[in-house]
Amino acid sequence: MEERYYTIGMAGHIDHGKTTLTKALTNVETDRLKEEKERGISIELGYAPLNLEMGVAISIVDVPGHERFVRQMIAGVAGIDLVVLVVAADEGIMPQTEEHLEILQFLGVEHCIVAISKIDRVDEIMLELVMDDVKERLSETIFRDAPYVALDSLSGTGIDELKQTILTKLKAIDFRDAYGSFRLPIDQVFSVQGQGTVVRGTVYEGVVQKSSQLRLLPEGISVKARQIQVHHEERQQARAGQRTAINLGGMDQTAVKRGDVLVDSEHFLVTDTIDIALQVIGRKFAPLKQRTAVRLHVGTSEVMGKIVFFDRNELTQTPNEVLCQIRLEEKIVVRRGDRFVLRRPSPVETIGGGWVIQPNGGKYRFGEETIEMLRHHQQGTPKDLVVDALSKYLLLDEKSLMQHTSLNENTLAEILEQGVESDSWLEIPRQGYSLTKTFIKIKDELFDRLQQYHEDFSMRMGMSKAELLQSVSISYPKPLLEFSLNLLVEQNELKRFEQFVALPLFNPHLPQKWRVRMEQVISSLEQDAFQAKKWQDYFLGTPLPKMEIAELTAHLIGSNQVYRLREDTLIHHTAFDDALNQLRHQTDTCFDLKQAKEVLDLSRKYMIPFLELLDELHYTKRSEDQRYWTEDKR
């Protein structure tokens, strides 16, 4: 049977008995600091193992209840599976109880047990009144169906019942998935003499092994898990849901702080701008104006930032979720779906909480269009998240997709496979993935560029590949363009020869505007045969622009319709072909200049360039005074 790991949080007002109850359950004193013992309150987070049944490993987090220590409370509650809400029978619901309830719901804690403590101090009527009061308060919350246990931690009354209730409740909860990348938000940092820096926290995701190479974010420092402990017992590994302490070899304590995150992969995104879905508290608070300074608590991080609205300039009490953005002063590590609490720094008060829609937010315009975009991201399925990321970044590998979608490896791999099979996106070898619609858009743009190019330069074989890709490179990553072009050629939707690319049905031709004039020039050249004039002379008196003359020249030479006899003289291919055939049939395997003159009856002015042209085109090969026909041209 696979061992199951859970973390329970003790929450409630100061002096309602959380620490005493924790000791009654675990026999561990969680108030360890001298100041905590002297003042009788919890300042830092306290932890203890609760052993109830084989195969179920439980950690209890005793979070501070005093208002001044709410930030530690938020760090402790982040990552718990079940909360035990402690309410003293002689006081009932108190202000800190109210705030803890709000924070618990904002952080997405769904499972609760209500422990009515100190029942030895009240009679049955008072106990019943307190229970009714708590039930009424919880009736409008997610904890409305929470079980209740009346107890006294000092005498032990109700402790066994609470243990059984905890066990029953936990067995109905899906324990954390240990698969995927490891993530540990750090809530405590300390040094052990002779061993170095130790960090502690609740494993959010994955598994960490002893001696694993890890990364400390947001700084990106490489560290090693030299030793792993779970409740002071050395272990080979720690899994999702467990409280663990990790000794970081070679790490200076000053380089680590609460809020840093240990990970084992590069799949986690470091960001300073997050899009959020915010639910405000249920009571009135001072309006929060546009770009007001706020304090964000997410995981174990506590970071200052500014709140940015896109549909209002001021936030007041509202039952509706508000889609907005936090621009932070420091980098943090979050994934989509992470829960947060938002507090005003001065005067200190909780404003609300919610979850991260997009961990890598951008700069958006004020207005309904942005709200619609955020709402789409908020409601998106895993496939929608992949589509949104690929729509924004065009080409992403799996690592980047995990960062931008916050999907784990298994889910992402399944989504990517389904998307390729359904032609939603294309897999680009060694590069990543791109939407099929992006490929179609690239195809359309390439076709448009080529169509226009063919119209502007109808006599050219096509557009050079480099020029074609450069014309659209500002909009698309180069690897994606290369892949798209190669795929279009492979699918015969484009044709390529040497460095040129053309539409499949295109063939070089004379431009309609100058066609008649150009045909007249070509005809004159053909008639003149080996008595051709200088090439520029054929254009005297014609309206052909210099650019068109240059284009025509390149077209005729490139398509072998003419040959360059001398630098300033061209001959038509019919004259060349006739002379070539005569010479072939009336000479043996070799010939000299005299024999060629006898066959063709050409003056030296034309004969020498013609024979040199035969050499250049590899019809013949010269050796001293003789020219030999090459076998492949014979």
# chains A, B, ... in the order shown; residues from 1 in each chain; ligands from 1
$ select_by_dssp --residues "stretch 497-624 of chain A" --states "helix (DSSP H, G or I)" --output "number ranges by chain"
A: 512-531, 535-539, 546-558, 573-585, 593-600, 604-616
$ select_by_dssp --residues "stretch 127-273 of chain A" --states "strand (DSSP E or B)" --output "number ranges by chain"
A: 148-150, 152, 157, 183-192, 196-202, 205, 207-209, 213-217, 221-230, 233-235, 237-239, 243-248, 261-263, 270-273
$ residues_around --residues "A:Phe576" --least-positions-apart "3" --cutoff "12 Å" --atoms "only C-alpha atoms" --output "PyMOL selection string"
chain A and resi 525-526+528-532+560-565+570-573+579-583+600+606-607+609-611+613-614+617
$ closest_residue --among "A:Leu385, A:Met461, A:Ile474, A:Leu82" --to "A:Ala554" --atoms "only C-alpha atoms"
A:Met461
$ residues_around --residues "stretch 477-486 of chain A" --least-positions-apart "3" --cutoff "9 Å" --atoms "only C-alpha atoms" --output "count of residues only"
21
$ residues_around --residues "stretch 310-316 of chain A" --least-positions-apart "6" --cutoff "8 Å" --atoms "only C-alpha atoms" --output "PDB file with all heavy atoms, in the first residue's frame"
ATOM      1  N   LYS A 284     -16.920  45.699   4.672  1.00  0.00           N
ATOM      2  CA  LYS A 284     -16.459  46.920   4.027  1.00  0.00           C
ATOM      3  C   LYS A 284     -15.004  47.211   4.367  1.00  0.00           C
ATOM      4  O   LYS A 284     -14.531  46.887   5.461  1.00  0.00           O
ATOM      5  CB  LYS A 284     -17.332  48.097   4.451  1.00  0.00           C
ATOM      6  CG  LYS A 284     -18.726  48.077   3.826  1.00  0.00           C
ATOM      7  CD  LYS A 284     -19.478  49.360   4.139  1.00  0.00           C
ATOM      8  CE  LYS A 284     -20.842  49.372   3.448  1.00  0.00           C
ATOM      9  NZ  LYS A 284     -21.586  50.628   3.702  1.00  0.00           N
ATOM     10  N   PHE A 285     -14.341  47.815   3.410  1.00  0.00           N
ATOM     11  CA  PHE A 285     -12.957  48.223   3.626  1.00  0.00           C
ATOM     12  C   PHE A 285     -12.735  49.521   2.857  1.00  0.00           C
ATOM     13  O   PHE A 285     -13.517  49.892   1.985  1.00  0.00           O
ATOM     14  CB  PHE A 285     -11.980  47.138   3.153  1.00  0.00           C
ATOM     15  CG  PHE A 285     -12.150  46.756   1.705  1.00  0.00           C
ATOM     16  CD1 PHE A 285     -11.474  47.423   0.689  1.00  0.00           C
ATOM     17  CD2 PHE A 285     -13.004  45.705   1.343  1.00  0.00           C
ATOM     18  CE1 PHE A 285     -11.625  47.072  -0.639  1.00  0.00           C
ATOM     19  CE2 PHE A 285     -13.161  45.345   0.013  1.00  0.00           C
ATOM     20  CZ  PHE A 285     -12.475  46.033  -0.976  1.00  0.00           C
ATOM     21  N   ALA A 286     -11.666  50.220   3.191  1.00  0.00           N
ATOM     22  CA  ALA A 286     -11.356  51.479   2.500  1.00  0.00           C
ATOM     23  C   ALA A 286     -11.107  51.185   1.031  1.00  0.00           C
ATOM     24  O   ALA A 286     -10.386  50.245   0.694  1.00  0.00           O
ATOM     25  CB  ALA A 286     -10.122  52.128   3.125  1.00  0.00           C
ATOM     26  N   PRO A 287     -11.732  51.955   0.109  1.00  0.00           N
ATOM     27  CA  PRO A 287     -11.573  51.683  -1.335  1.00  0.00           C
ATOM     28  C   PRO A 287     -10.107  51.583  -1.740  1.00  0.00           C
ATOM     29  O   PRO A 287      -9.253  52.306  -1.218  1.00  0.00           O
ATOM     30  CB  PRO A 287     -12.252  52.891  -1.989  1.00  0.00           C
ATOM     31  CG  PRO A 287     -13.232  53.362  -0.972  1.00  0.00           C
ATOM     32  CD  PRO A 287     -12.586  53.118   0.361  1.00  0.00           C
ATOM     33  N   LEU A 288      -9.852  50.684  -2.656  1.00  0.00           N
ATOM     34  CA  LEU A 288      -8.498  50.455  -3.169  1.00  0.00           C
ATOM     35  C   LEU A 288      -8.415  51.092  -4.549  1.00  0.00           C
ATOM     36  O   LEU A 288      -9.061  50.647  -5.488  1.00  0.00           O
ATOM     37  CB  LEU A 288      -8.228  48.948  -3.248  1.00  0.00           C
ATOM     38  CG  LEU A 288      -6.775  48.486  -3.245  1.00  0.00           C
ATOM     39  CD1 LEU A 288      -6.094  48.859  -1.940  1.00  0.00           C
ATOM     40  CD2 LEU A 288      -6.707  46.981  -3.461  1.00  0.00           C
ATOM     41  N   LYS A 289      -7.637  52.151  -4.662  1.00  0.00           N
ATOM     42  CA  LYS A 289      -7.564  52.881  -5.923  1.00  0.00           C
ATOM     43  C   LYS A 289      -6.602  52.213  -6.905  1.00  0.00           C
ATOM     44  O   LYS A 289      -5.765  51.404  -6.530  1.00  0.00           O
ATOM     45  CB  LYS A 289      -7.136  54.330  -5.667  1.00  0.00           C
ATOM     46  CG  LYS A 289      -8.143  55.126  -4.840  1.00  0.00           C
ATOM     47  CD  LYS A 289      -7.748  56.578  -4.725  1.00  0.00           C
ATOM     48  CE  LYS A 289      -8.746  57.352  -3.866  1.00  0.00           C
ATOM     49  NZ  LYS A 289     -10.121  57.304  -4.418  1.00  0.00           N
ATOM     50  N   GLN A 290      -6.756  52.586  -8.176  1.00  0.00           N
ATOM     51  CA  GLN A 290      -5.896  52.080  -9.251  1.00  0.00           C
ATOM     52  C   GLN A 290      -4.416  52.282  -8.896  1.00  0.00           C
ATOM     53  O   GLN A 290      -4.013  53.344  -8.456  1.00  0.00           O
ATOM     54  CB  GLN A 290      -6.237  52.815 -10.547  1.00  0.00           C
ATOM     55  CG  GLN A 290      -5.413  52.437 -11.759  1.00  0.00           C
ATOM     56  CD  GLN A 290      -5.836  51.121 -12.360  1.00  0.00           C
ATOM     57  OE1 GLN A 290      -5.556  50.079 -11.806  1.00  0.00           O
ATOM     58  NE2 GLN A 290      -6.517  51.177 -13.495  1.00  0.00           N
ATOM     59  N   LEU A 323     -11.220  40.542 -12.044  1.00  0.00           N
ATOM     60  CA  LEU A 323     -10.080  40.115 -12.849  1.00  0.00           C
ATOM     61  C   LEU A 323      -9.137  41.300 -13.004  1.00  0.00           C
ATOM     62  O   LEU A 323      -9.517  42.334 -13.546  1.00  0.00           O
ATOM     63  CB  LEU A 323     -10.546  39.614 -14.219  1.00  0.00           C
ATOM     64  CG  LEU A 323     -11.560  38.459 -14.172  1.00  0.00           C
ATOM     65  CD1 LEU A 323     -11.928  38.024 -15.576  1.00  0.00           C
ATOM     66  CD2 LEU A 323     -11.029  37.287 -13.372  1.00  0.00           C
ATOM     67  N   CYS A 324      -7.915  41.154 -12.517  1.00  0.00           N
ATOM     68  CA  CYS A 324      -6.980  42.273 -12.519  1.00  0.00           C
ATOM     69  C   CYS A 324      -5.552  41.760 -12.552  1.00  0.00           C
ATOM     70  O   CYS A 324      -5.311  40.593 -12.888  1.00  0.00           O
ATOM     71  CB  CYS A 324      -7.216  43.184 -11.313  1.00  0.00           C
ATOM     72  SG  CYS A 324      -7.178  42.328  -9.728  1.00  0.00           S
ATOM     73  N   ARG A 365      -4.379  46.875 -22.357  1.00  0.00           N
ATOM     74  CA  ARG A 365      -5.133  48.122 -22.383  1.00  0.00           C
ATOM     75  C   ARG A 365      -6.323  48.053 -21.426  1.00  0.00           C
ATOM     76  O   ARG A 365      -6.881  46.990 -21.183  1.00  0.00           O
ATOM     77  CB  ARG A 365      -5.643  48.397 -23.797  1.00  0.00           C
ATOM     78  CG  ARG A 365      -4.532  48.730 -24.788  1.00  0.00           C
ATOM     79  CD  ARG A 365      -5.134  49.072 -26.134  1.00  0.00           C
ATOM     80  NE  ARG A 365      -4.117  49.482 -27.102  1.00  0.00           N
ATOM     81  CZ  ARG A 365      -4.373  49.848 -28.334  1.00  0.00           C
ATOM     82  NH1 ARG A 365      -5.631  49.867 -28.777  1.00  0.00           N
ATOM     83  NH2 ARG A 365      -3.397  50.195 -29.150  1.00  0.00           N
ATOM     84  N   PHE A 366      -6.677  49.201 -20.926  1.00  0.00           N
ATOM     85  CA  PHE A 366      -7.865  49.321 -20.088  1.00  0.00           C
ATOM     86  C   PHE A 366      -9.093  49.109 -20.963  1.00  0.00           C
ATOM     87  O   PHE A 366      -9.187  49.659 -22.053  1.00  0.00           O
ATOM     88  CB  PHE A 366      -7.912  50.709 -19.460  1.00  0.00           C
ATOM     89  CG  PHE A 366      -8.990  50.885 -18.432  1.00  0.00           C
ATOM     90  CD1 PHE A 366      -8.724  50.688 -17.090  1.00  0.00           C
ATOM     91  CD2 PHE A 366     -10.272  51.242 -18.805  1.00  0.00           C
ATOM     92  CE1 PHE A 366      -9.716  50.856 -16.127  1.00  0.00           C
ATOM     93  CE2 PHE A 366     -11.279  51.412 -17.862  1.00  0.00           C
ATOM     94  CZ  PHE A 366     -10.996  51.216 -16.519  1.00  0.00           C
ATOM     95  N   GLY A 367     -10.018  48.253 -20.497  1.00  0.00           N
ATOM     96  CA  GLY A 367     -11.251  48.089 -21.253  1.00  0.00           C
ATOM     97  C   GLY A 367     -11.774  46.674 -21.264  1.00  0.00           C
ATOM     98  O   GLY A 367     -11.135  45.723 -20.783  1.00  0.00           O
ATOM     99  N   GLU A 368     -12.952  46.505 -21.843  1.00  0.00           N
ATOM    100  CA  GLU A 368     -13.667  45.234 -21.841  1.00  0.00           C
ATOM    101  C   GLU A 368     -12.917  44.158 -22.616  1.00  0.00           C
ATOM    102  O   GLU A 368     -13.024  42.971 -22.289  1.00  0.00           O
ATOM    103  CB  GLU A 368     -15.063  45.434 -22.440  1.00  0.00           C
ATOM    104  CG  GLU A 368     -15.958  44.206 -22.359  1.00  0.00           C
ATOM    105  CD  GLU A 368     -16.179  43.721 -20.932  1.00  0.00           C
ATOM    106  OE1 GLU A 368     -16.157  44.550 -19.995  1.00  0.00           O
ATOM    107  OE2 GLU A 368     -16.374  42.497 -20.760  1.00  0.00           O
ATOM    108  N   THR A 370      -9.747  43.508 -22.670  1.00  0.00           N
ATOM    109  CA  THR A 370      -8.803  42.853 -21.759  1.00  0.00           C
ATOM    110  C   THR A 370      -9.531  41.975 -20.755  1.00  0.00           C
ATOM    111  O   THR A 370      -9.083  40.859 -20.447  1.00  0.00           O
ATOM    112  CB  THR A 370      -7.954  43.911 -21.024  1.00  0.00           C
ATOM    113  OG1 THR A 370      -7.133  44.576 -21.982  1.00  0.00           O
ATOM    114  CG2 THR A 370      -7.072  43.264 -19.974  1.00  0.00           C
ATOM    115  N   ILE A 371     -10.649  42.445 -20.252  1.00  0.00           N
ATOM    116  CA  ILE A 371     -11.436  41.635 -19.307  1.00  0.00           C
ATOM    117  C   ILE A 371     -11.889  40.342 -19.965  1.00  0.00           C
ATOM    118  O   ILE A 371     -11.835  39.255 -19.359  1.00  0.00           O
ATOM    119  CB  ILE A 371     -12.647  42.426 -18.777  1.00  0.00           C
ATOM    120  CG1 ILE A 371     -12.167  43.625 -17.946  1.00  0.00           C
ATOM    121  CG2 ILE A 371     -13.560  41.530 -17.957  1.00  0.00           C
ATOM    122  CD1 ILE A 371     -11.369  43.258 -16.718  1.00  0.00           C
TER     123      ILE A 371
END
$ residues_around --residues "stretch 254-264 of chain A" --least-positions-apart "4" --cutoff "6 Å" --atoms "only C-alpha atoms" --output "list in words"
Phe182, Arg183, Leu184, Pro185, Ile186, Asp187, Gln188, Leu214, Arg215, Leu216, Leu217, Thr300 and Ser301 of chain A
$ write_last_selection --atoms "all heavy atoms" --output "CSV table (one decimal), in the first residue's frame"
chain,number,residue,atom,x,y,z
A,182,PHE,N,9.4,18.7,-8.8
A,182,PHE,CA,9.5,19.0,-7.4
A,182,PHE,C,9.4,20.5,-7.1
A,182,PHE,O,10.0,21.3,-7.8
A,182,PHE,CB,10.8,18.4,-6.8
A,182,PHE,CG,11.1,18.9,-5.4
A,182,PHE,CD1,10.4,18.5,-4.3
A,182,PHE,CD2,12.1,19.8,-5.3
A,182,PHE,CE1,10.7,19.0,-3.1
A,182,PHE,CE2,12.5,20.3,-4.0
A,182,PHE,CZ,11.8,19.9,-2.9
A,183,ARG,N,8.6,20.9,-6.1
A,183,ARG,CA,8.5,22.3,-5.7
A,183,ARG,C,8.3,22.4,-4.2
A,183,ARG,O,7.4,21.8,-3.7
A,183,ARG,CB,7.3,23.0,-6.5
A,183,ARG,CG,7.2,24.4,-6.0
A,183,ARG,CD,6.3,25.3,-6.9
A,183,ARG,NE,5.0,24.9,-7.1
A,183,ARG,CZ,3.9,25.7,-7.2
A,183,ARG,NH1,4.1,27.0,-7.0
A,183,ARG,NH2,2.7,25.2,-7.4
A,184,LEU,N,9.2,23.2,-3.6
A,184,LEU,CA,9.1,23.4,-2.2
A,184,LEU,C,9.3,24.9,-1.9
A,184,LEU,O,10.4,25.4,-1.9
A,184,LEU,CB,10.3,22.6,-1.4
A,184,LEU,CG,10.4,22.9,0.1
A,184,LEU,CD1,9.3,22.1,0.8
A,184,LEU,CD2,11.8,22.5,0.6
A,185,PRO,N,8.1,25.5,-1.6
A,185,PRO,CA,8.2,26.9,-1.1
A,185,PRO,C,8.8,26.9,0.3
A,185,PRO,O,8.3,26.2,1.2
A,185,PRO,CB,6.8,27.4,-1.1
A,185,PRO,CG,6.1,26.4,-2.0
A,185,PRO,CD,6.8,25.1,-1.8
A,186,ILE,N,9.8,27.7,0.5
A,186,ILE,CA,10.6,27.7,1.8
A,186,ILE,C,9.9,28.7,2.8
A,186,ILE,O,9.6,29.8,2.5
A,186,ILE,CB,12.0,28.2,1.6
A,186,ILE,CG1,12.7,27.1,0.7
A,186,ILE,CG2,12.8,28.3,2.9
A,186,ILE,CD1,14.1,27.6,0.2
A,187,ASP,N,9.6,28.2,4.0
A,187,ASP,CA,9.0,29.0,5.0
A,187,ASP,C,10.0,29.2,6.2
A,187,ASP,O,9.7,30.1,7.1
A,187,ASP,CB,7.6,28.5,5.5
A,187,ASP,CG,7.7,27.1,6.0
A,187,ASP,OD1,8.5,26.8,6.8
A,187,ASP,OD2,6.8,26.3,5.6
A,188,GLN,N,11.0,28.4,6.3
A,188,GLN,CA,12.0,28.7,7.4
A,188,GLN,C,13.4,28.4,6.9
A,188,GLN,O,13.6,27.5,6.1
A,188,GLN,CB,11.7,27.7,8.6
A,188,GLN,CG,10.5,28.1,9.4
A,188,GLN,CD,10.3,27.2,10.6
A,188,GLN,OE1,10.8,26.0,10.6
A,188,GLN,NE2,9.6,27.6,11.6
A,214,LEU,N,19.3,20.6,-7.2
A,214,LEU,CA,18.2,21.5,-7.2
A,214,LEU,C,18.5,22.9,-7.6
A,214,LEU,O,19.7,23.3,-7.7
A,214,LEU,CB,17.5,21.5,-5.8
A,214,LEU,CG,17.2,20.1,-5.2
A,214,LEU,CD1,16.7,20.3,-3.8
A,214,LEU,CD2,16.1,19.4,-6.0
A,215,ARG,N,17.5,23.7,-7.9
A,215,ARG,CA,17.7,25.1,-8.2
A,215,ARG,C,16.9,26.0,-7.2
A,215,ARG,O,15.7,25.6,-6.9
A,215,ARG,CB,17.2,25.4,-9.6
A,215,ARG,CG,18.1,24.8,-10.7
A,215,ARG,CD,17.6,25.1,-12.0
A,215,ARG,NE,17.8,26.5,-12.4
A,215,ARG,CZ,16.9,27.3,-12.9
A,215,ARG,NH1,15.7,26.9,-13.0
A,215,ARG,NH2,17.3,28.5,-13.2
A,216,LEU,N,17.5,27.0,-6.7
A,216,LEU,CA,16.9,27.9,-5.7
A,216,LEU,C,16.4,29.1,-6.5
A,216,LEU,O,17.2,29.9,-7.1
A,216,LEU,CB,17.9,28.3,-4.6
A,216,LEU,CG,17.3,29.3,-3.6
A,216,LEU,CD1,16.3,28.6,-2.7
A,216,LEU,CD2,18.5,29.8,-2.7
A,217,LEU,N,15.1,29.3,-6.6
A,217,LEU,CA,14.5,30.4,-7.3
A,217,LEU,C,14.0,31.4,-6.3
A,217,LEU,O,13.6,31.1,-5.2
A,217,LEU,CB,13.3,29.9,-8.2
A,217,LEU,CG,13.7,28.8,-9.2
A,217,LEU,CD1,12.5,28.4,-10.0
A,217,LEU,CD2,14.7,29.4,-10.2
A,300,THR,N,4.9,30.9,0.2
A,300,THR,CA,5.5,31.4,1.4
A,300,THR,C,6.1,32.8,1.1
A,300,THR,O,6.8,33.4,1.9
A,300,THR,CB,6.6,30.5,1.9
A,300,THR,OG1,7.6,30.3,0.9
A,300,THR,CG2,6.0,29.2,2.3
A,301,SER,N,5.8,33.3,-0.1
A,301,SER,CA,6.4,34.7,-0.5
A,301,SER,C,5.5,35.8,0.0
A,301,SER,O,4.3,35.7,0.1
A,301,SER,CB,6.4,34.8,-2.0
A,301,SER,OG,7.3,33.8,-2.6
$ atom_distance --atom1 "atom CA of A:Leu21" --atom2 "atom CA of A:Ala240"
25.3 Å
$ closest_residue --among "A:Glu266, A:Glu624, A:Glu234, A:Glu53" --to "A:Pro218" --atoms "only C-alpha atoms"
A:Glu266
$ residues_around --residues "stretch 150-165 of chain A" --least-positions-apart "3" --cutoff "8 Å" --atoms "only C-alpha atoms" --output "list in words"
Gly17, Thr20, Leu21, Ala24, Leu25, Leu52, Ile113, Ala115, Ile116, Ser117, Lys118, Ile119, Asp120, Pro147, Thr168 and Lys169 of chain A
$ write_last_selection --atoms "C-alpha atoms" --output "PDB file, in the first residue's frame"
ATOM      1  CA  GLY A  17      -5.582  26.592  22.529  1.00  0.00           C
ATOM      2  CA  THR A  20      -1.926  23.040  23.562  1.00  0.00           C
ATOM      3  CA  LEU A  21      -4.163  21.000  21.261  1.00  0.00           C
ATOM      4  CA  ALA A  24      -2.238  16.848  23.120  1.00  0.00           C
ATOM      5  CA  LEU A  25      -2.426  15.237  19.661  1.00  0.00           C
ATOM      6  CA  LEU A  52      -2.640   7.798  13.625  1.00  0.00           C
ATOM      7  CA  ILE A 113     -12.805  20.303  11.298  1.00  0.00           C
ATOM      8  CA  ALA A 115     -12.505  21.984  17.412  1.00  0.00           C
ATOM      9  CA  ILE A 116     -14.379  23.671  20.283  1.00  0.00           C
ATOM     10  CA  SER A 117     -11.645  23.881  22.923  1.00  0.00           C
ATOM     11  CA  LYS A 118     -11.579  24.595  26.659  1.00  0.00           C
ATOM     12  CA  ILE A 119     -14.982  23.006  27.265  1.00  0.00           C
ATOM     13  CA  ASP A 120     -14.046  22.524  30.926  1.00  0.00           C
ATOM     14  CA  PRO A 147     -17.710  18.188  11.600  1.00  0.00           C
ATOM     15  CA  THR A 168     -11.824   9.797   8.538  1.00  0.00           C
ATOM     16  CA  LYS A 169     -11.651  13.229   6.929  1.00  0.00           C
TER      17      LYS A 169
END
$ closest_residue --among "A:Gly220, A:Gly462, A:Gly201, A:Gly241" --to "A:Ile8" --atoms "only C-alpha atoms"
A:Gly241
$ closest_residue --among "A:Gln237, A:Gln418, A:Gln279, A:Gln499" --to "A:Leu468" --atoms "only C-alpha atoms"
A:Gln499
$ closest_residue --among "A:Glu598, A:Asp338, A:Asp592, A:Glu205" --to "A:Leu107" --atoms "only C-alpha atoms"
A:Asp338
$ closest_residue --among "A:Ser458, A:Thr273, A:Asn492, A:Ser212" --to "A:Phe506" --atoms "only C-alpha atoms"
A:Ser458
